[in-house]
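Below is the file structure38.txt, which contains compact mmCIF, C-alpha atoms and all ligand atoms.
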```txt
# COMPACT_ATOMS: atom_id res chain seq x y z
CA MET U 1 -87.63 -44.33 10.68
CA ALA U 2 -90.19 -41.46 10.77
CA ASN U 3 -89.73 -41.44 14.53
CA THR U 4 -85.94 -41.23 14.17
CA ILE U 5 -86.16 -38.33 11.71
CA ASP U 6 -88.61 -36.52 14.01
CA ARG U 7 -86.23 -36.92 16.94
CA VAL U 8 -83.40 -35.51 14.83
CA LEU U 9 -85.42 -32.56 13.56
CA ASN U 10 -87.04 -31.69 16.90
CA ARG U 11 -83.83 -30.39 18.41
CA GLU U 12 -80.72 -28.34 17.70
CA TRP U 13 -77.33 -29.69 16.64
CA PHE U 14 -73.69 -28.55 16.36
CA TYR U 15 -73.74 -29.51 12.67
CA SER U 16 -76.19 -28.61 9.95
CA TYR U 17 -77.02 -32.10 8.68
CA GLU U 18 -78.84 -32.44 5.38
CA LEU U 19 -81.06 -35.47 6.00
CA PRO U 20 -81.89 -38.03 3.31
CA ASP U 21 -85.27 -36.32 2.68
CA GLY U 22 -83.52 -32.96 2.04
CA ARG U 23 -84.52 -31.30 5.31
CA ARG U 24 -81.77 -29.76 7.46
CA THR U 25 -81.11 -29.89 11.18
CA ALA U 26 -81.29 -26.62 13.10
CA THR U 27 -78.08 -25.63 14.90
CA TYR U 28 -77.56 -24.20 18.37
CA HIS U 29 -75.21 -21.55 16.94
CA GLY U 30 -77.68 -20.20 14.39
CA GLY U 31 -75.48 -21.24 11.47
CA SER U 32 -72.50 -19.13 12.55
CA LEU U 33 -70.22 -22.20 12.57
CA ASP U 34 -71.42 -23.78 9.35
CA ALA U 35 -68.57 -22.21 7.37
CA ILE U 36 -65.87 -23.84 9.49
CA HIS U 37 -67.44 -27.28 9.03
CA ASP U 38 -67.91 -26.71 5.28
CA THR U 39 -64.29 -25.62 4.85
CA ARG U 40 -62.97 -28.58 6.82
CA TRP U 41 -65.03 -31.08 4.85
CA SER U 42 -63.98 -29.53 1.55
CA MET U 43 -60.29 -29.68 2.58
CA LEU U 44 -60.61 -33.20 3.98
CA GLU U 45 -62.52 -34.53 0.99
CA SER U 46 -60.04 -33.20 -1.54
CA ALA U 47 -57.04 -34.34 0.56
CA LEU U 48 -58.41 -37.88 0.82
CA ALA U 49 -59.47 -37.96 -2.84
CA GLY U 50 -55.92 -36.98 -3.81
CA HIS U 51 -54.32 -39.44 -1.42
CA PHE U 52 -56.50 -42.44 -2.43
CA HIS U 53 -57.11 -41.41 -6.07
CA GLY U 54 -60.84 -40.97 -5.36
CA GLU U 55 -61.41 -44.62 -4.45
CA PHE U 56 -62.57 -45.23 -0.87
CA GLY U 57 -64.09 -48.73 -1.21
CA GLY U 58 -62.36 -51.25 1.05
CA LEU U 59 -60.89 -48.58 3.33
CA THR U 60 -61.42 -48.29 7.06
CA ALA U 61 -61.34 -45.12 9.18
CA ILE U 62 -61.60 -43.95 12.75
CA ASP U 63 -62.79 -40.48 13.76
CA LEU U 64 -61.16 -39.50 17.06
CA ALA U 65 -63.39 -37.13 19.07
CA CYS U 66 -66.26 -37.33 16.62
CA HIS U 67 -68.68 -35.05 18.55
CA GLN U 68 -72.06 -35.70 16.83
CA GLY U 69 -70.41 -37.75 14.10
CA TYR U 70 -70.34 -35.25 11.23
CA PHE U 71 -67.06 -36.29 9.62
CA ALA U 72 -67.55 -39.99 10.37
CA VAL U 73 -70.92 -39.78 8.59
CA LYS U 74 -69.26 -38.02 5.64
CA LEU U 75 -66.69 -40.82 5.30
CA ALA U 76 -69.33 -43.54 5.67
CA MET U 77 -71.40 -41.86 2.95
CA ALA U 78 -68.34 -41.33 0.73
CA GLY U 79 -67.92 -45.10 0.44
CA PHE U 80 -65.53 -46.14 3.21
CA SER U 81 -66.19 -49.81 4.03
CA ALA U 82 -66.10 -49.43 7.80
CA VAL U 83 -65.93 -46.27 9.89
CA SER U 84 -65.47 -46.15 13.65
CA ALA U 85 -66.04 -43.04 15.70
CA VAL U 86 -65.32 -42.30 19.35
CA ASP U 87 -65.91 -39.41 21.69
CA ALA U 88 -65.30 -39.00 25.41
CA ARG U 89 -68.77 -37.51 25.96
CA GLN U 90 -71.56 -40.09 26.10
CA ASN U 91 -74.20 -37.57 24.92
CA HIS U 92 -72.20 -37.05 21.71
CA VAL U 93 -72.04 -40.81 21.22
CA ASP U 94 -75.84 -41.03 21.66
CA ASP U 95 -76.32 -38.19 19.14
CA SER U 96 -73.91 -39.79 16.67
CA ARG U 97 -75.82 -43.06 16.91
CA LEU U 98 -79.12 -41.26 16.32
CA ILE U 99 -77.77 -39.55 13.21
CA THR U 100 -76.27 -42.84 11.99
CA GLU U 101 -79.75 -44.34 12.28
CA ALA U 102 -81.30 -41.37 10.44
CA TYR U 103 -78.98 -42.02 7.47
CA SER U 104 -79.39 -45.84 7.79
CA LEU U 105 -75.62 -46.27 7.76
CA SER U 106 -74.59 -49.85 8.43
CA ASN U 107 -70.87 -49.06 7.96
CA LEU U 108 -70.56 -46.62 10.89
CA ASN U 109 -70.01 -47.73 14.48
CA VAL U 110 -69.82 -45.27 17.39
CA ALA U 111 -68.38 -45.89 20.86
CA GLN U 112 -67.65 -43.88 23.98
CA SER U 113 -63.93 -43.59 24.72
CA ASP U 114 -61.29 -41.16 25.80
CA ILE U 115 -58.80 -41.31 22.93
CA PHE U 116 -56.04 -42.06 25.45
CA ASP U 117 -57.80 -45.35 26.31
CA LEU U 118 -57.62 -46.62 22.72
CA ASP U 119 -55.20 -49.50 22.34
CA SER U 120 -54.34 -50.52 18.78
CA THR U 121 -53.70 -54.10 19.89
CA ILE U 122 -57.40 -54.26 20.83
CA VAL U 123 -59.17 -51.93 18.35
CA GLY U 124 -56.77 -52.58 15.46
CA GLN U 125 -55.39 -50.15 12.89
CA PHE U 126 -57.25 -48.04 10.34
CA ASP U 127 -56.39 -46.80 6.85
CA VAL U 128 -57.46 -43.29 7.83
CA VAL U 129 -57.32 -41.70 11.27
CA LEU U 130 -59.15 -38.39 11.69
CA MET U 131 -58.15 -36.01 14.45
CA LEU U 132 -60.12 -32.88 13.69
CA GLY U 133 -60.68 -30.08 16.18
CA LEU U 134 -59.20 -32.09 19.05
CA LEU U 135 -55.45 -31.55 19.49
CA TYR U 136 -55.71 -28.01 20.90
CA HIS U 137 -58.13 -29.19 23.62
CA LEU U 138 -55.63 -31.63 25.10
CA GLU U 139 -53.04 -31.40 27.88
CA ASN U 140 -50.98 -34.15 26.25
CA PRO U 141 -50.97 -33.39 22.51
CA VAL U 142 -47.75 -35.34 21.87
CA GLY U 143 -49.26 -38.43 23.50
CA ALA U 144 -52.39 -37.96 21.38
CA LEU U 145 -50.29 -37.91 18.21
CA ARG U 146 -48.57 -41.11 19.38
CA ILE U 147 -52.00 -42.72 19.81
CA ALA U 148 -52.98 -41.52 16.32
CA ARG U 149 -49.81 -43.03 14.88
CA SER U 150 -50.39 -46.35 16.64
CA LEU U 151 -53.91 -46.56 15.15
CA CYS U 152 -52.77 -45.59 11.66
CA ARG U 153 -52.10 -47.97 8.78
CA ASN U 154 -51.93 -45.39 5.99
CA CYS U 155 -52.66 -41.74 6.80
CA CYS U 156 -53.82 -39.49 9.57
CA VAL U 157 -55.53 -36.15 9.01
CA ILE U 158 -55.00 -33.63 11.79
CA GLU U 159 -56.89 -30.34 11.83
CA THR U 160 -56.06 -27.97 14.62
CA GLN U 161 -55.78 -24.47 15.89
CA VAL U 162 -52.11 -23.41 16.01
CA VAL U 163 -50.37 -20.66 18.01
CA PRO U 164 -47.66 -18.27 16.84
CA GLY U 165 -44.31 -19.99 17.38
CA LEU U 166 -41.07 -19.02 19.03
CA SER U 167 -37.89 -19.84 17.18
CA GLY U 168 -34.21 -19.39 17.90
CA TYR U 169 -31.64 -20.93 20.20
CA VAL U 170 -31.61 -21.79 23.87
CA ASP U 171 -28.63 -22.07 26.21
CA TYR U 172 -29.69 -25.51 27.39
CA GLY U 173 -28.06 -25.63 30.81
CA SER U 174 -25.00 -23.73 29.64
CA TYR U 175 -23.87 -21.39 26.85
CA GLN U 176 -21.68 -24.27 25.70
CA PHE U 177 -24.73 -26.45 24.99
CA VAL U 178 -26.94 -24.44 22.66
CA ARG U 179 -30.02 -26.13 21.20
CA PRO U 180 -32.41 -24.93 18.46
CA LEU U 181 -36.12 -24.65 19.30
CA LYS U 182 -38.20 -27.03 17.19
CA GLY U 183 -41.46 -25.21 17.86
CA SER U 184 -43.55 -24.22 20.83
CA PHE U 185 -46.81 -24.86 22.64
CA GLY U 186 -49.19 -22.20 23.95
CA ILE U 187 -51.24 -22.86 27.07
CA ILE U 188 -54.95 -22.07 26.85
CA ASP U 189 -57.14 -22.18 29.93
CA GLU U 190 -60.42 -24.05 29.44
CA THR U 191 -60.67 -25.05 33.11
CA ASP U 192 -63.94 -23.10 33.52
CA GLU U 193 -65.41 -24.47 30.29
CA THR U 194 -65.12 -28.24 30.64
CA HIS U 195 -68.93 -28.45 30.74
CA GLY U 196 -69.04 -27.11 27.15
CA PRO U 197 -69.88 -29.65 24.45
CA GLU U 198 -66.88 -28.72 22.30
CA ALA U 199 -64.39 -28.17 25.10
CA SER U 200 -61.51 -30.01 26.67
CA ILE U 201 -62.42 -32.64 29.25
CA THR U 202 -59.50 -31.68 31.54
CA GLY U 203 -59.35 -27.92 30.93
CA ILE U 204 -55.59 -27.58 30.40
CA CYS U 205 -54.86 -27.16 26.70
CA LEU U 206 -51.48 -27.13 25.00
CA VAL U 207 -51.80 -25.71 21.50
CA PRO U 208 -48.88 -26.36 19.12
CA SER U 209 -47.23 -23.92 16.78
CA LEU U 210 -47.17 -25.16 13.19
CA ASP U 211 -43.45 -25.99 13.51
CA ALA U 212 -44.14 -27.97 16.69
CA LEU U 213 -46.94 -29.91 15.01
CA LEU U 214 -44.92 -30.81 11.91
CA TRP U 215 -41.79 -31.73 13.86
CA THR U 216 -43.72 -33.84 16.40
CA LEU U 217 -45.57 -35.74 13.67
CA HIS U 218 -42.24 -36.85 12.21
CA LYS U 219 -40.88 -37.77 15.64
CA VAL U 220 -43.88 -39.96 16.56
CA GLY U 221 -43.30 -41.99 13.42
CA PHE U 222 -45.03 -40.49 10.41
CA ASN U 223 -42.79 -40.56 7.33
CA GLN U 224 -44.43 -37.85 5.27
CA VAL U 225 -46.26 -34.78 6.49
CA LYS U 226 -48.14 -32.56 4.07
CA LEU U 227 -49.82 -29.24 4.85
CA ILE U 228 -53.14 -28.88 3.01
CA GLU U 229 -53.70 -25.48 1.41
CA PRO U 230 -57.06 -23.90 2.23
CA PRO U 231 -59.30 -23.04 -0.76
CA PRO U 232 -59.71 -19.32 -1.62
CA ASP U 233 -63.19 -19.25 -0.02
CA ALA U 234 -62.04 -20.99 3.18
CA TYR U 235 -63.21 -20.06 6.67
CA GLU U 236 -61.10 -17.11 7.85
CA GLN U 237 -59.12 -19.12 10.42
CA HIS U 238 -57.87 -21.52 7.77
CA LEU U 239 -57.33 -18.78 5.23
CA HIS U 240 -55.10 -16.89 7.67
CA HIS U 241 -53.24 -20.02 8.88
CA LYS U 242 -54.64 -19.84 12.44
CA ARG U 243 -56.00 -23.34 11.92
CA VAL U 244 -54.30 -25.89 9.72
CA MET U 245 -54.99 -29.28 8.21
CA VAL U 246 -52.14 -31.75 7.78
CA VAL U 247 -52.02 -35.20 6.20
CA ALA U 248 -49.42 -37.40 7.89
CA SER U 249 -48.59 -40.68 6.16
CA VAL U 250 -46.88 -43.74 7.59
C1 LIG W 301 -64.14 -28.95 19.11
S1 LIG W 301 -64.91 -30.53 19.21
C2 LIG W 301 -64.42 -31.21 17.64
C3 LIG W 301 -65.39 -32.24 17.16
C4 LIG W 301 -65.13 -32.80 15.77
N1 LIG W 301 -63.97 -33.66 15.72
C5 LIG W 301 -65.01 -31.69 14.78
O1 LIG W 301 -63.89 -31.43 14.33
O2 LIG W 301 -66.01 -31.05 14.43
C6 LIG W 301 -63.87 -31.41 20.36
C7 LIG W 301 -64.41 -32.79 20.70
O3 LIG W 301 -63.40 -33.51 21.40
C8 LIG W 301 -64.02 -34.32 22.37
N2 LIG W 301 -62.95 -34.67 23.32
C9 LIG W 301 -62.21 -33.84 24.10
N3 LIG W 301 -61.23 -34.52 24.73
C10 LIG W 301 -61.35 -35.82 24.35
C11 LIG W 301 -60.64 -37.01 24.65
N4 LIG W 301 -59.58 -36.99 25.49
N5 LIG W 301 -61.03 -38.16 24.08
C12 LIG W 301 -62.10 -38.19 23.23
N6 LIG W 301 -62.82 -37.09 22.91
C13 LIG W 301 -62.45 -35.91 23.45
C14 LIG W 301 -65.13 -33.44 22.89
O4 LIG W 301 -66.13 -34.16 23.58
C15 LIG W 301 -65.64 -32.82 21.58
O5 LIG W 301 -66.61 -33.63 20.98
```
What does the file become when written as structure tokens?
Ligand SMILES: C[S@@+](CC[C@H](N)C(=O)[O-])C[C@H]1O[C@@H](n2cnc3c(N)ncnc32)[C@H](O)[C@@H]1O
Amino acid sequence: MANTIDRVLNREWFYSYELPDGRRTATYHGGSLDAIHDTRWSMLESALAGHFHGEFGGLTAIDLACHQGYFAVKLAMAGFSAVSAVDARQNHVDDSRLITEAYSLSNLNVAQSDIFDLDSTIVGQFDVVLMLGLLYHLENPVGALRIARSLCRNCCVIETQVVPGLSGYVDYGSYQFVRPLKGSFGIIDETDETHGPEASITGICLVPSLDALLWTLHKVGFNQVKLIEPPPDAYEQHLHHKRVMVVASV
């Protein structure tokens, strides 16, 4: 165990982990991103506590695109019975496994997978599906939400960057066939950044407007969709509605 803790502490991480002995991991961003992680955990924790009345025993979860496992570790430590976590990048999976070992968590299992390769008939369904910080890095966000729905037995928490939306009406082939816009997607170019640890793996990113996200969640089969209000001390992006967290229930 001493060897595991040394390996964790002798390097820099994306997340500032407080280890069981109270020491903290150094980050490769000098702490500048700690606030976004703190805000997201505080919003996620209170959303889940409200949804499950503070009782997590017996529940299962999957963290889609877990990076170094921060939110999966939080759920495992909060009392979830079994937590799965996947990421497309093998180095993140290795890091997540190391941190799982550092916390001696027997209820957290990490695997390498592109989320589009997850098949609910093989991996099963989960009470909670987390999709944090992923949707806006994908070229097929609607397909990703379909995957999330297929894996979900109770609720899915999506946290994402959103773009300003277009609204109004479109002459859809003819002025006699006018359709309302349900939202919009903005294209962001990450094609030169796919080497980055937090980036898209394909480089083409379609970022939804809030309307697009809410409408699509209903259309892929979620019955209830609830926008989580950021706390007054939230990270500026959440406070100013540039990033949102939504709980979608089946
Ligand atoms: C911005 S990070 C977010 C990490 C974490 N969920 C969080 O919110 O802190 C995006 C993560 O998505 C992963 N990723 C990108 N595309 C993926 C895909 N198609 N399948 C699985 N993971 C993916 C990246 O490797 C990276 O770990």
Chain U near ligand LIG 301 (chain W) within 7 Å: what's each residue's closest atom pair and its distance in Å to one decimal, counting only C-alpha atoms and all ligand atoms, ordered by chain then ascending residue number, as a tab-separated table?
```
residue	atom	partner	partner_atom	distance
U:His37	CA	W:LIG301	O2	6.7
U:Leu64	CA	W:LIG301	C12	6.4
U:Ala65	CA	W:LIG301	N6	3.9
U:Cys66	CA	W:LIG301	N1	4.4
U:His67	CA	W:LIG301	O5	3.5
U:Tyr70	CA	W:LIG301	O2	6.8
U:Val86	CA	W:LIG301	C12	6.5
U:Asp87	CA	W:LIG301	N6	4.1
U:Ala88	CA	W:LIG301	C12	4.0
U:Arg89	CA	W:LIG301	O4	4.9
U:His92	CA	W:LIG301	O5	6.6
U:Ser113	CA	W:LIG301	C12	5.9
U:Asp114	CA	W:LIG301	N5	3.5
U:Ile115	CA	W:LIG301	N5	4.0
U:Phe116	CA	W:LIG301	N4	6.2
U:Met131	CA	W:LIG301	N1	6.4
U:Leu132	CA	W:LIG301	O1	4.1
U:Gly133	CA	W:LIG301	O1	3.9
U:Leu134	CA	W:LIG301	C6	4.9
U:His137	CA	W:LIG301	C9	6.2
U:Leu138	CA	W:LIG301	N3	6.3
U:Pro197	CA	W:LIG301	O4	5.9
U:Glu198	CA	W:LIG301	S1	4.1
U:Ala199	CA	W:LIG301	C14	5.8
U:Ser200	CA	W:LIG301	C9	4.7
U:Ile201	CA	W:LIG301	N3	5.0
```
Determine, counting all atoms listed in the file, which protein, DNA and RNA residues have an atom within 7 Å of an atom of U:Val250; residues of the same chain fewer than 5 positions away are not included. Present the result as a compact mmCIF listing (two decimals) with C-alpha atoms, in the frame of the given file.
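Dumped everything to around_13.txt:
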```txt
# COMPACT_ATOMS: atom_id res chain seq x y z
CA ARG U 153 -52.10 -47.97 8.78
CA ASN U 154 -51.93 -45.39 5.99
CA CYS U 155 -52.66 -41.74 6.80
CA PHE U 222 -45.03 -40.49 10.41
CA ASN U 223 -42.79 -40.56 7.33
CA GLN U 224 -44.43 -37.85 5.27
```
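Of the residues under consideration (U:Glu139, U:His241, U:Glu236, U:Cys152), U:Glu139 shows the shortest atom-to-atom contact distance to U:Thr202 when counting only C-alpha atoms.
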Shell of 10 Å around U:Asn140, all atoms listed in the file, local chain residues under 2 positions omitted, as a PDB file with C-alpha atoms, in the coordinates of the input:
```pdb
ATOM      1  CA  PHE U 116     -56.040 -42.060  25.450  1.00  0.00           C
ATOM      2  CA  LEU U 135     -55.450 -31.550  19.490  1.00  0.00           C
ATOM      3  CA  TYR U 136     -55.710 -28.010  20.900  1.00  0.00           C
ATOM      4  CA  HIS U 137     -58.130 -29.190  23.620  1.00  0.00           C
ATOM      5  CA  LEU U 138     -55.630 -31.630  25.100  1.00  0.00           C
ATOM      6  CA  VAL U 142     -47.750 -35.340  21.870  1.00  0.00           C
ATOM      7  CA  GLY U 143     -49.260 -38.430  23.500  1.00  0.00           C
ATOM      8  CA  ALA U 144     -52.390 -37.960  21.380  1.00  0.00           C
ATOM      9  CA  LEU U 145     -50.290 -37.910  18.210  1.00  0.00           C
ATOM     10  CA  ILE U 204     -55.590 -27.580  30.400  1.00  0.00           C
ATOM     11  CA  CYS U 205     -54.860 -27.160  26.700  1.00  0.00           C
ATOM     12  CA  LEU U 206     -51.480 -27.130  25.000  1.00  0.00           C
ATOM     13  CA  VAL U 207     -51.800 -25.710  21.500  1.00  0.00           C
TER      14      VAL U 207
END
```
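Distance check against U:Ala85 using all atoms listed in the file: of U:Gln161, U:Gln112, U:Ser120, U:Ser104, the minimum falls on U:Gln112.
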Using all atoms listed in the file: which of U:Ser174, U:Gly203, U:Arg97, U:Arg7 has the shortest distance to U:Ala72:
U:Arg97
Using only C-alpha atoms, which of the listed residues (U:Gly54, U:Pro180, U:Gly173, U:Pro208) sits closest to U:Thr160?
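The answer is U:Pro208, which sits nearest to U:Thr160.
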Would you list the contacts of U:Gly183 as a list in words, taking every protein, DNA or RNA residue within 7 Å and counting only C-alpha atoms, but skipping same-chain residues closer than 4 positions in sequence?
Gly165, Leu166, Ser167, Ser209, Asp211 and Ala212 of chain U
What is the atom CA of U:Ala148-atom CA of U:Leu217 distance in Å, reported with one decimal?
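About the pair atom CA of U:Ala148 and atom CA of U:Leu217: they are 9.8 Å apart.
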Can you work out the spacing between atom CA of U:Leu19 and atom CA of U:Met77 in Å, to one decimal?
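We find that atom CA of U:Leu19 and atom CA of U:Met77 lie 12.0 Å from each other.
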